[in-house]
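The file coords-v6.cif comes next; it holds mmCIF, C-alpha atoms (C1' of nucleotides).
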data_query
loop_
_atom_site.group_PDB
_atom_site.id
_atom_site.type_symbol
_atom_site.label_atom_id
_atom_site.label_comp_id
_atom_site.auth_asym_id
_atom_site.auth_seq_id
_atom_site.Cartn_x
_atom_site.Cartn_y
_atom_site.Cartn_z
ATOM 1 C CA MET A 1 -121.436 -250.035 -17.976
ATOM 2 C CA LYS A 2 -119.234 -250.258 -14.927
ATOM 3 C CA SER A 3 -118.609 -253.685 -13.539
ATOM 4 C CA ALA A 4 -120.697 -252.932 -10.495
ATOM 5 C CA GLN A 5 -122.869 -256.029 -10.707
ATOM 6 C CA VAL A 6 -120.880 -258.778 -12.369
ATOM 7 C CA PHE A 7 -122.313 -261.305 -9.908
ATOM 8 C CA GLU A 8 -125.771 -262.442 -8.942
ATOM 9 C CA ARG A 9 -126.783 -260.964 -5.617
ATOM 10 C CA ASP A 10 -129.011 -263.381 -3.723
ATOM 11 C CA PRO A 11 -131.702 -261.433 -1.857
ATOM 12 C CA GLY A 12 -132.467 -264.407 0.361
ATOM 13 C CA ARG A 13 -128.926 -264.431 1.620
ATOM 14 C CA LEU A 14 -127.298 -261.922 3.979
ATOM 15 C CA VAL A 15 -123.509 -261.874 3.775
ATOM 16 C CA VAL A 16 -121.527 -260.265 6.569
ATOM 17 C CA ALA A 17 -117.787 -259.685 6.254
ATOM 18 C CA THR A 18 -115.151 -258.541 8.713
ATOM 19 C CA PHE A 19 -111.803 -257.132 7.625
ATOM 20 C CA ASN A 20 -108.930 -255.501 9.468
ATOM 21 C CA VAL A 21 -107.844 -253.077 6.739
ATOM 22 C CA ASN A 22 -104.732 -251.541 8.319
ATOM 23 C CA SER A 23 -105.745 -248.075 7.034
ATOM 24 C CA ILE A 24 -108.988 -247.721 5.117
ATOM 25 C CA ARG A 25 -107.548 -245.039 2.856
ATOM 26 C CA ALA A 26 -104.709 -247.337 1.828
ATOM 27 C CA ARG A 27 -107.110 -250.204 1.072
ATOM 28 C CA LEU A 28 -109.818 -248.577 -1.052
ATOM 29 C CA HIS A 29 -108.178 -249.803 -4.257
ATOM 30 C CA VAL A 30 -108.572 -253.351 -2.913
ATOM 31 C CA LEU A 31 -112.101 -252.923 -1.569
ATOM 32 C CA GLU A 32 -113.424 -251.347 -4.759
ATOM 33 C CA PRO A 33 -113.009 -254.434 -6.957
ATOM 34 C CA TYR A 34 -113.788 -256.789 -4.074
ATOM 35 C CA LEU A 35 -117.136 -255.210 -3.277
ATOM 36 C CA SER A 36 -117.901 -255.009 -6.997
ATOM 37 C CA GLU A 37 -117.365 -258.698 -7.500
ATOM 38 C CA HIS A 38 -118.669 -260.270 -4.294
ATOM 39 C CA GLN A 39 -121.888 -260.121 -2.369
ATOM 40 C CA VAL A 40 -121.084 -258.332 0.863
ATOM 41 C CA ASP A 41 -124.186 -256.882 2.471
ATOM 42 C CA ILE A 42 -122.576 -255.787 5.716
ATOM 43 C CA LEU A 43 -118.877 -254.982 6.045
ATOM 44 C CA CYS A 44 -117.246 -254.523 9.440
ATOM 45 C CA LEU A 45 -113.875 -252.823 9.367
ATOM 46 C CA GLN A 46 -111.119 -252.443 11.921
ATOM 47 C CA GLU A 47 -107.947 -250.371 12.011
ATOM 48 C CA THR A 48 -109.283 -247.720 9.697
ATOM 49 C CA LYS A 49 -106.601 -245.363 11.073
ATOM 50 C CA VAL A 50 -108.436 -242.196 10.186
ATOM 51 C CA ARG A 51 -110.180 -239.368 11.994
ATOM 52 C CA ASP A 52 -113.904 -239.153 11.379
ATOM 53 C CA ASP A 53 -113.483 -235.892 9.443
ATOM 54 C CA ASP A 54 -111.258 -237.638 6.933
ATOM 55 C CA PHE A 55 -113.221 -240.891 6.587
ATOM 56 C CA PRO A 56 -113.881 -241.752 2.920
ATOM 57 C CA THR A 57 -117.667 -241.723 3.244
ATOM 58 C CA ALA A 58 -118.244 -240.987 -0.451
ATOM 59 C CA PHE A 59 -116.439 -244.150 -1.505
ATOM 60 C CA PHE A 60 -118.915 -246.336 0.373
ATOM 61 C CA GLU A 61 -121.944 -244.349 -0.724
ATOM 62 C CA ASP A 62 -120.806 -244.609 -4.338
ATOM 63 C CA MET A 63 -120.513 -248.364 -3.848
ATOM 64 C CA GLY A 64 -124.100 -248.538 -2.590
ATOM 65 C CA TYR A 65 -123.470 -248.666 1.146
ATOM 66 C CA GLN A 66 -124.409 -246.628 4.150
ATOM 67 C CA VAL A 67 -121.458 -246.240 6.457
ATOM 68 C CA ARG A 68 -120.896 -245.378 10.125
ATOM 69 C CA PHE A 69 -117.487 -245.009 11.690
ATOM 70 C CA SER A 70 -115.601 -244.040 14.793
ATOM 71 C CA GLY A 71 -111.913 -243.360 14.557
ATOM 72 C CA GLN A 72 -109.005 -241.420 15.921
ATOM 73 C CA LYS A 73 -105.795 -240.048 14.479
ATOM 74 C CA SER A 74 -103.255 -242.696 13.396
ATOM 75 C CA TYR A 75 -104.513 -245.609 15.421
ATOM 76 C CA ASN A 76 -107.455 -247.963 15.735
ATOM 77 C CA GLY A 77 -110.733 -246.950 14.139
ATOM 78 C CA VAL A 78 -113.793 -249.078 13.327
ATOM 79 C CA ALA A 79 -116.542 -248.780 10.740
ATOM 80 C CA VAL A 80 -119.634 -250.588 9.523
ATOM 81 C CA ALA A 81 -120.823 -250.343 5.928
ATOM 82 C CA SER A 82 -124.169 -251.814 4.994
ATOM 83 C CA ARG A 83 -126.374 -252.080 1.924
ATOM 84 C CA SER A 84 -129.447 -251.754 4.106
ATOM 85 C CA GLU A 85 -130.165 -249.207 6.766
ATOM 86 C CA ILE A 86 -127.950 -248.832 9.809
ATOM 87 C CA SER A 87 -129.607 -247.707 13.028
ATOM 88 C CA ASP A 88 -129.017 -247.457 16.770
ATOM 89 C CA VAL A 89 -125.320 -246.650 16.442
ATOM 90 C CA GLN A 90 -123.388 -246.642 19.698
ATOM 91 C CA VAL A 91 -119.695 -246.144 20.141
ATOM 92 C CA GLY A 92 -117.556 -247.575 22.938
ATOM 93 C CA PHE A 93 -118.968 -249.510 25.870
ATOM 94 C CA GLY A 94 -121.115 -246.707 27.155
ATOM 95 C CA ASP A 95 -119.655 -247.234 30.612
ATOM 96 C CA ASP A 96 -117.976 -244.525 32.668
ATOM 97 C CA ARG A 97 -114.513 -245.628 31.582
ATOM 98 C CA ASP A 98 -114.719 -245.081 27.836
ATOM 99 C CA ASN A 99 -111.685 -243.282 26.486
ATOM 100 C CA GLU A 100 -110.664 -242.284 22.969
ATOM 101 C CA SER A 101 -109.235 -245.714 22.245
ATOM 102 C CA ASP A 102 -112.381 -247.510 23.415
ATOM 103 C CA ARG A 103 -114.524 -245.296 21.222
ATOM 104 C CA ALA A 104 -112.288 -246.047 18.230
ATOM 105 C CA ARG A 105 -112.385 -249.797 18.881
ATOM 106 C CA LEU A 106 -116.030 -250.618 19.421
ATOM 107 C CA LEU A 107 -118.980 -249.710 17.220
ATOM 108 C CA ARG A 108 -122.375 -251.238 17.798
ATOM 109 C CA CYS A 109 -125.411 -250.861 15.594
ATOM 110 C CA ARG A 110 -128.469 -252.558 14.215
ATOM 111 C CA VAL A 111 -128.919 -253.698 10.618
ATOM 112 C CA GLU A 112 -132.195 -255.389 9.688
ATOM 113 C CA ASP A 113 -132.850 -257.729 12.615
ATOM 114 C CA ILE A 114 -129.209 -258.128 13.602
ATOM 115 C CA HIS A 115 -127.455 -256.449 16.523
ATOM 116 C CA LEU A 116 -123.899 -255.933 15.335
ATOM 117 C CA VAL A 117 -120.986 -255.546 17.728
ATOM 118 C CA ASN A 118 -117.907 -254.649 15.702
ATOM 119 C CA ALA A 119 -114.773 -254.791 17.836
ATOM 120 C CA TYR A 120 -111.082 -254.195 17.481
ATOM 121 C CA VAL A 121 -109.795 -255.737 20.698
ATOM 122 C CA PRO A 122 -106.510 -254.254 21.982
ATOM 123 C CA GLN A 123 -103.546 -256.351 20.887
ATOM 124 C CA GLY A 124 -101.839 -256.127 24.271
ATOM 125 C CA ARG A 125 -98.244 -255.617 23.166
ATOM 126 C CA GLU A 126 -96.651 -258.082 25.615
ATOM 127 C CA LEU A 127 -97.472 -260.059 28.735
ATOM 128 C CA GLY A 128 -97.117 -257.836 31.772
ATOM 129 C CA HIS A 129 -97.433 -254.604 29.821
ATOM 130 C CA PRO A 130 -100.202 -252.214 30.902
ATOM 131 C CA TYR A 131 -101.716 -252.660 27.435
ATOM 132 C CA PHE A 132 -102.061 -256.344 28.213
ATOM 133 C CA ALA A 133 -104.042 -255.621 31.372
ATOM 134 C CA TYR A 134 -106.155 -253.260 29.287
ATOM 135 C CA LYS A 135 -106.770 -256.092 26.826
ATOM 136 C CA ILE A 136 -107.860 -258.552 29.523
ATOM 137 C CA ASP A 137 -110.082 -255.883 30.998
ATOM 138 C CA TRP A 138 -111.639 -255.331 27.591
ATOM 139 C CA PHE A 139 -112.989 -258.881 27.597
ATOM 140 C CA SER A 140 -114.525 -258.283 31.034
ATOM 141 C CA ARG A 141 -116.145 -255.119 29.791
ATOM 142 C CA LEU A 142 -117.482 -256.985 26.756
ATOM 143 C CA GLU A 143 -118.871 -259.702 29.007
ATOM 144 C CA ARG A 144 -120.700 -257.085 31.058
ATOM 145 C CA LEU A 145 -121.877 -255.297 27.918
ATOM 146 C CA PHE A 146 -123.460 -258.427 26.487
ATOM 147 C CA ALA A 147 -125.051 -259.258 29.816
ATOM 148 C CA THR A 148 -126.552 -255.804 30.277
ATOM 149 C CA ALA A 149 -127.248 -254.405 26.808
ATOM 150 C CA TYR A 150 -128.412 -257.550 24.967
ATOM 151 C CA SER A 151 -130.355 -260.737 25.426
ATOM 152 C CA SER A 152 -128.778 -264.014 24.386
ATOM 153 C CA LYS A 153 -132.103 -264.706 22.641
ATOM 154 C CA ASP A 154 -131.478 -261.742 20.343
ATOM 155 C CA GLN A 155 -129.778 -262.081 16.976
ATOM 156 C CA VAL A 156 -126.408 -260.733 18.067
ATOM 157 C CA LEU A 157 -123.300 -260.878 15.911
ATOM 158 C CA TRP A 158 -120.008 -260.083 17.672
ATOM 159 C CA CYS A 159 -117.328 -259.708 15.070
ATOM 160 C CA GLY A 160 -113.980 -258.184 14.328
ATOM 161 C CA ASP A 161 -110.295 -258.467 15.015
ATOM 162 C CA LEU A 162 -110.471 -259.949 18.499
ATOM 163 C CA ASN A 163 -106.723 -260.528 18.757
ATOM 164 C CA VAL A 164 -107.090 -264.001 20.192
ATOM 165 C CA ALA A 165 -106.500 -267.425 18.681
ATOM 166 C CA PRO A 166 -108.948 -269.505 20.736
ATOM 167 C CA THR A 167 -107.439 -272.996 20.415
ATOM 168 C CA ASP A 168 -104.299 -274.831 19.338
ATOM 169 C CA LEU A 169 -105.861 -275.278 15.924
ATOM 170 C CA ASP A 170 -105.969 -271.510 15.482
ATOM 171 C CA VAL A 171 -102.264 -270.766 15.280
ATOM 172 C CA TYR A 172 -99.368 -272.396 13.485
ATOM 173 C CA GLU A 173 -96.913 -274.124 15.822
ATOM 174 C CA PRO A 174 -98.957 -273.442 18.944
ATOM 175 C CA ASP A 175 -96.197 -274.548 21.312
ATOM 176 C CA LYS A 176 -94.064 -271.659 20.088
ATOM 177 C CA HIS A 177 -96.710 -269.097 20.980
ATOM 178 C CA ARG A 178 -97.810 -269.972 24.523
ATOM 179 C CA GLU A 179 -96.428 -266.641 25.766
ATOM 180 C CA HIS A 180 -97.886 -264.589 22.935
ATOM 181 C CA VAL A 181 -100.437 -261.915 23.843
ATOM 182 C CA CYS A 182 -102.897 -263.402 21.352
ATOM 183 C CA PHE A 183 -102.483 -266.972 22.574
ATOM 184 C CA HIS A 184 -101.561 -266.976 26.264
ATOM 185 C CA ASP A 185 -103.907 -269.010 28.497
ATOM 186 C CA SER A 186 -105.083 -265.845 30.243
ATOM 187 C CA VAL A 187 -106.285 -264.317 26.969
ATOM 188 C CA ARG A 188 -107.915 -267.471 25.717
ATOM 189 C CA GLU A 189 -109.688 -267.841 29.047
ATOM 190 C CA ALA A 190 -110.839 -264.230 29.061
ATOM 191 C CA PHE A 191 -112.207 -264.650 25.547
ATOM 192 C CA SER A 192 -113.777 -267.995 26.365
ATOM 193 C CA ARG A 193 -115.585 -266.513 29.356
ATOM 194 C CA VAL A 194 -117.283 -263.959 27.119
ATOM 195 C CA VAL A 195 -118.215 -266.619 24.585
ATOM 196 C CA GLN A 196 -119.600 -269.019 27.164
ATOM 197 C CA SER A 197 -121.317 -266.445 29.338
ATOM 198 C CA PHE A 198 -123.432 -265.298 26.419
ATOM 199 C CA GLY A 199 -123.675 -268.595 24.545
ATOM 200 C CA PHE A 200 -121.933 -267.430 21.390
ATOM 201 C CA VAL A 201 -121.373 -269.848 18.525
ATOM 202 C CA ASP A 202 -118.020 -269.592 16.722
ATOM 203 C CA LEU A 203 -119.323 -269.582 13.162
ATOM 204 C CA LEU A 204 -116.089 -270.565 11.451
ATOM 205 C CA ARG A 205 -115.837 -273.632 13.668
ATOM 206 C CA ARG A 206 -119.448 -274.502 13.058
ATOM 207 C CA PHE A 207 -118.671 -275.067 9.388
ATOM 208 C CA HIS A 208 -115.006 -276.063 9.652
ATOM 209 C CA PRO A 209 -114.658 -277.866 12.986
ATOM 210 C CA ASP A 210 -111.248 -279.461 12.440
ATOM 211 C CA GLU A 211 -109.577 -277.392 9.763
ATOM 212 C CA ALA A 212 -106.734 -274.933 10.249
ATOM 213 C CA VAL A 213 -108.229 -271.746 8.821
ATOM 214 C CA PHE A 214 -106.234 -268.560 9.267
ATOM 215 C CA SER A 215 -107.266 -264.936 8.803
ATOM 216 C CA PHE A 216 -103.944 -263.274 9.607
ATOM 217 C CA TYR A 217 -100.417 -263.679 8.261
ATOM 218 C CA ASP A 218 -97.784 -261.299 9.631
ATOM 219 C CA TYR A 219 -96.337 -259.406 6.687
ATOM 220 C CA ARG A 220 -93.090 -258.905 8.557
ATOM 221 C CA GLN A 221 -92.593 -262.632 8.377
ATOM 222 C CA ARG A 222 -91.130 -263.637 5.043
ATOM 223 C CA GLY A 223 -93.103 -266.348 3.273
ATOM 224 C CA ALA A 224 -95.695 -266.618 6.046
ATOM 225 C CA ILE A 225 -98.561 -267.319 3.658
ATOM 226 C CA LYS A 226 -96.881 -270.007 1.604
ATOM 227 C CA ARG A 227 -95.534 -271.628 4.775
ATOM 228 C CA GLY A 228 -98.955 -271.590 6.384
ATOM 229 C CA GLN A 229 -97.704 -269.474 9.285
ATOM 230 C CA GLY A 230 -100.998 -267.851 10.148
ATOM 231 C CA TRP A 231 -103.399 -267.097 12.945
ATOM 232 C CA ARG A 232 -107.160 -267.128 13.300
ATOM 233 C CA ILE A 233 -107.754 -263.972 15.308
ATOM 234 C CA ASP A 234 -110.661 -262.484 13.345
ATOM 235 C CA HIS A 235 -114.008 -263.903 14.295
ATOM 236 C CA LEU A 236 -117.736 -264.027 13.710
ATOM 237 C CA LEU A 237 -119.605 -265.043 16.860
ATOM 238 C CA ALA A 238 -123.346 -265.432 16.741
ATOM 239 C CA THR A 239 -126.009 -266.095 19.319
ATOM 240 C CA SER A 240 -127.666 -269.449 18.788
ATOM 241 C CA SER A 241 -130.789 -268.036 17.151
ATOM 242 C CA LEU A 242 -128.631 -266.231 14.602
ATOM 243 C CA ALA A 243 -126.291 -269.198 14.193
ATOM 244 C CA ASP A 244 -129.349 -271.261 13.290
ATOM 245 C CA ARG A 245 -129.731 -269.039 10.236
ATOM 246 C CA ALA A 246 -126.099 -269.420 9.178
ATOM 247 C CA LEU A 247 -125.491 -270.969 5.787
ATOM 248 C CA ASP A 248 -121.721 -270.823 5.633
ATOM 249 C CA CYS A 249 -118.610 -269.181 7.075
ATOM 250 C CA TRP A 250 -115.295 -268.897 5.302
ATOM 251 C CA VAL A 251 -112.075 -266.957 4.953
ATOM 252 C CA ASP A 252 -111.338 -265.406 1.574
ATOM 253 C CA LEU A 253 -107.662 -265.803 0.740
ATOM 254 C CA GLU A 254 -107.881 -264.010 -2.570
ATOM 255 C CA PRO A 255 -104.301 -262.822 -3.188
ATOM 256 C CA ARG A 256 -105.446 -259.279 -3.897
ATOM 257 C CA LEU A 257 -106.766 -259.007 -0.352
ATOM 258 C CA MET A 258 -103.533 -260.347 1.061
ATOM 259 C CA GLU A 259 -101.116 -258.140 -0.807
ATOM 260 C CA LYS A 260 -98.665 -256.381 1.449
ATOM 261 C CA PRO A 261 -99.114 -254.494 3.634
ATOM 262 C CA SER A 262 -102.448 -256.114 4.365
ATOM 263 C CA ASP A 263 -101.871 -258.839 6.912
ATOM 264 C CA HIS A 264 -105.453 -259.748 7.627
ATOM 265 C CA THR A 265 -107.867 -261.072 5.102
ATOM 266 C CA VAL A 266 -111.645 -261.120 4.908
ATOM 267 C CA LEU A 267 -113.758 -263.438 7.034
ATOM 268 C CA LEU A 268 -117.324 -263.900 5.808
ATOM 269 C CA GLY A 269 -120.537 -265.394 7.074
ATOM 270 C CA ALA A 270 -123.743 -266.020 5.137
ATOM 271 C CA PHE A 271 -127.164 -266.139 6.752
ATOM 272 C CA ARG A 272 -130.714 -266.802 5.639
ATOM 273 C CA ARG A 273 -132.574 -263.527 5.487
ATOM 274 C "C1'" DA B 21 -82.401 -265.077 13.126
ATOM 275 C "C1'" DT B 22 -85.129 -262.276 18.801
ATOM 276 C "C1'" DG B 23 -85.200 -260.113 13.000
ATOM 277 C "C1'" DG B 24 -88.774 -258.459 9.669
ATOM 278 C "C1'" DT B 25 -92.164 -253.916 7.304
ATOM 279 C "C1'" DC B 26 -95.670 -251.158 7.001
ATOM 280 C "C1'" DG B 27 -99.163 -246.625 7.855
ATOM 281 C "C1'" DA B 28 -99.815 -242.346 9.873
ATOM 282 C "C1'" DC B 29 -97.332 -238.743 10.965
ATOM 283 C "C1'" DT B 30 -93.019 -236.322 12.633
ATOM 284 C "C1'" DC B 31 -89.993 -239.622 14.048
ATOM 285 C "C1'" DT B 32 -91.785 -242.788 16.761
ATOM 286 C "C1'" DC B 33 -95.520 -245.679 17.810
ATOM 287 C "C1'" DG B 34 -98.272 -249.669 17.225
ATOM 288 C "C1'" DA B 35 -98.996 -253.939 14.922
#

Output the file's structure as structure tokens, nothing else.
Amino acid sequence: MKSAQVFERDPGRLVVATFNVNSIRARLHVLEPYLSEHQVDILCLQETKVRDDDFPTAFFEDMGYQVRFSGQKSYNGVAVASRSEISDVQVGFGDDRDNESDRARLLRCRVEDIHLVNAYVPQGRELGHPYFAYKIDWFSRLERLFATAYSSKDQVLWCGDLNVAPTDLDVYEPDKHREHVCFHDSVREAFSRVVQSFGFVDLLRRFHPDEAVFSFYDYRQRGAIKRGQGWRIDHLLATSSLADRALDCWVDLEPRLMEKPSDHTVLLGAFRR
DNA sequence: ATGGTCGACTCTCGA
């Protein structure tokens, strides 16, 4: 027998994970054992870096998941894999400005009673760069999307690589990163406006209010993990009615997940079903 | 130290 079910899956528990994979095809050998050994009911992926025609659909189906994806050649790309049915899939913002990048960075769908918004927010490159303006604008577009397409009373889960460390606790040596595109005041404010406008609860902080918990360690930086030189830029944000069902939220630092060239690890949230 | 190293894809871009 294959080691497909070496753990006890709790049907009363819904586990959602988000993972920036930096190429899905290069990370299947890591996901295969991970999904075999952990309860992950819904998996949100970013940076799949693959065109839809080449997406490894069969891998997820063989693992017992439905999967929906939206990618482009070389860059970006998002996907949602789920053990229960995925419906109402929408790609991009659905506004009149969607381009190829937007469609490969935002995938929304419904799974059970949860409205999932899986996002790979533009990194921004550097302050003053057009990509940075695009990033700031992305948060405005998200704010409008939540206001128009959802109700804050719904069970909405906004997750993904949001490329922002919200507070000083969310990056090592914060004073060294005030001008960083993932930490500058303007980005934190843009993010915070979305969070506050829709009443999102930061799930990691709900369970670990004062702890430095990082989801990203730059693999170009030698010894970043052992020196604790990380960032918390991957997030699970839930509306209050969904947050009320949350049982736990944690980052999995299993070394296998963190092996180069993976620089993000998996962030998970568990909810009552 | 202003570096470092990957992945996808043509060699440079983006992170």

Checklist entry - Evaluating the PyMOL selection byres ((chain B) within 10 of (chain A)) on the displayed file yields which residues, as a list in words? => result DG23, DG24, DT25, DC26, DG27, DA28, DC29, DC33, DG34 and DA35 of chain B

Next on the checklist: Please enumerate the residues selected by the PyMOL selection byres ((chain A and resi 186) around 12) when evaluated against the supplied file, formatted as an MDAnalysis selection string.
Outcome noted: chainID A and resid 124 127:128 132:133 135:137 139 164:166 178:185 187:193

Next on the checklist: Residue by residue, what does the PyMOL selection byres ((chain A and resi 240-257) around 9) grab here? Present the result as a PyMOL selection string.
Outcome noted: chain A and resi 13+27+30-31+34+114+152-157+199-208+213-215+236-239+258-260+262-273

Item to check | CA of Ala149 (chain A) to CA of Tyr131 (chain A), distance in Å rounded to a single decimal | outcome: 25.6 Å

Item to check | Straight-line distance linking CA of Thr57 (chain A) with CA of Arg110 (chain A), stated in Å to one decimal | outcome: 18.8 Å

Repair of region 189-216 of chain A at the level of N, CA and C atoms, as a short mmCIF file (atom, residue, chain, number, x, y, z; two decimals), keeping the file's coordinate frame:
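In the end it all went to part.cif:
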data_model
loop_
_atom_site.label_atom_id
_atom_site.label_comp_id
_atom_site.auth_asym_id
_atom_site.auth_seq_id
_atom_site.Cartn_x
_atom_site.Cartn_y
_atom_site.Cartn_z
N GLU A 189 -108.66 -267.68 28.02
CA GLU A 189 -109.69 -267.84 29.05
C GLU A 189 -110.61 -266.63 29.12
N ALA A 190 -110.02 -265.45 29.01
CA ALA A 190 -110.84 -264.23 29.06
C ALA A 190 -111.83 -264.20 27.90
N PHE A 191 -111.34 -264.57 26.73
CA PHE A 191 -112.21 -264.65 25.55
C PHE A 191 -113.29 -265.71 25.73
N SER A 192 -112.86 -266.87 26.20
CA SER A 192 -113.78 -268.00 26.36
C SER A 192 -114.90 -267.68 27.36
N ARG A 193 -114.55 -266.91 28.39
CA ARG A 193 -115.58 -266.51 29.36
C ARG A 193 -116.68 -265.68 28.69
N VAL A 194 -116.28 -264.77 27.82
CA VAL A 194 -117.28 -263.96 27.12
C VAL A 194 -118.15 -264.86 26.24
N VAL A 195 -117.49 -265.73 25.50
CA VAL A 195 -118.22 -266.62 24.58
C VAL A 195 -119.22 -267.47 25.35
N GLN A 196 -118.74 -268.09 26.44
CA GLN A 196 -119.60 -269.02 27.16
C GLN A 196 -120.68 -268.31 27.96
N SER A 197 -120.33 -267.14 28.50
CA SER A 197 -121.32 -266.44 29.34
C SER A 197 -122.53 -266.04 28.52
N PHE A 198 -122.31 -265.76 27.24
CA PHE A 198 -123.43 -265.30 26.42
C PHE A 198 -123.92 -266.38 25.44
N GLY A 199 -123.26 -267.51 25.43
CA GLY A 199 -123.68 -268.60 24.54
C GLY A 199 -123.39 -268.37 23.07
N PHE A 200 -122.28 -267.67 22.79
CA PHE A 200 -121.93 -267.43 21.39
C PHE A 200 -121.49 -268.71 20.68
N VAL A 201 -121.84 -268.78 19.40
CA VAL A 201 -121.37 -269.85 18.52
C VAL A 201 -120.27 -269.28 17.63
N ASP A 202 -119.12 -269.96 17.60
CA ASP A 202 -118.02 -269.59 16.72
C ASP A 202 -118.37 -270.10 15.32
N LEU A 203 -118.76 -269.18 14.45
CA LEU A 203 -119.32 -269.58 13.16
C LEU A 203 -118.33 -270.32 12.27
N LEU A 204 -117.08 -269.89 12.30
CA LEU A 204 -116.09 -270.56 11.45
C LEU A 204 -115.99 -272.03 11.86
N ARG A 205 -115.95 -272.26 13.16
CA ARG A 205 -115.84 -273.63 13.67
C ARG A 205 -117.10 -274.45 13.43
N ARG A 206 -118.21 -273.78 13.34
CA ARG A 206 -119.45 -274.50 13.06
C ARG A 206 -119.38 -275.18 11.69
N PHE A 207 -118.74 -274.51 10.74
CA PHE A 207 -118.67 -275.07 9.39
C PHE A 207 -117.34 -275.76 9.08
N HIS A 208 -116.33 -275.44 9.87
CA HIS A 208 -115.01 -276.06 9.65
C HIS A 208 -114.43 -276.50 11.00
N PRO A 209 -115.01 -277.53 11.60
CA PRO A 209 -114.66 -277.87 12.99
C PRO A 209 -113.20 -278.28 13.20
N ASP A 210 -112.58 -278.89 12.20
CA ASP A 210 -111.25 -279.46 12.44
C ASP A 210 -110.17 -278.91 11.53
N GLU A 211 -110.48 -277.85 10.81
CA GLU A 211 -109.58 -277.39 9.76
C GLU A 211 -108.80 -276.17 10.26
N ALA A 212 -107.50 -276.15 9.94
CA ALA A 212 -106.73 -274.93 10.25
C ALA A 212 -107.12 -273.87 9.23
N VAL A 213 -107.78 -272.84 9.69
CA VAL A 213 -108.23 -271.75 8.82
C VAL A 213 -107.71 -270.45 9.42
N PHE A 214 -106.86 -269.76 8.72
CA PHE A 214 -106.23 -268.56 9.27
C PHE A 214 -106.75 -267.29 8.58
N SER A 215 -106.81 -266.22 9.35
CA SER A 215 -107.27 -264.94 8.80
C SER A 215 -106.16 -263.89 8.84
N PHE A 216 -105.03 -264.24 9.42
CA PHE A 216 -103.94 -263.27 9.61
C PHE A 216 -102.59 -263.93 9.34
#
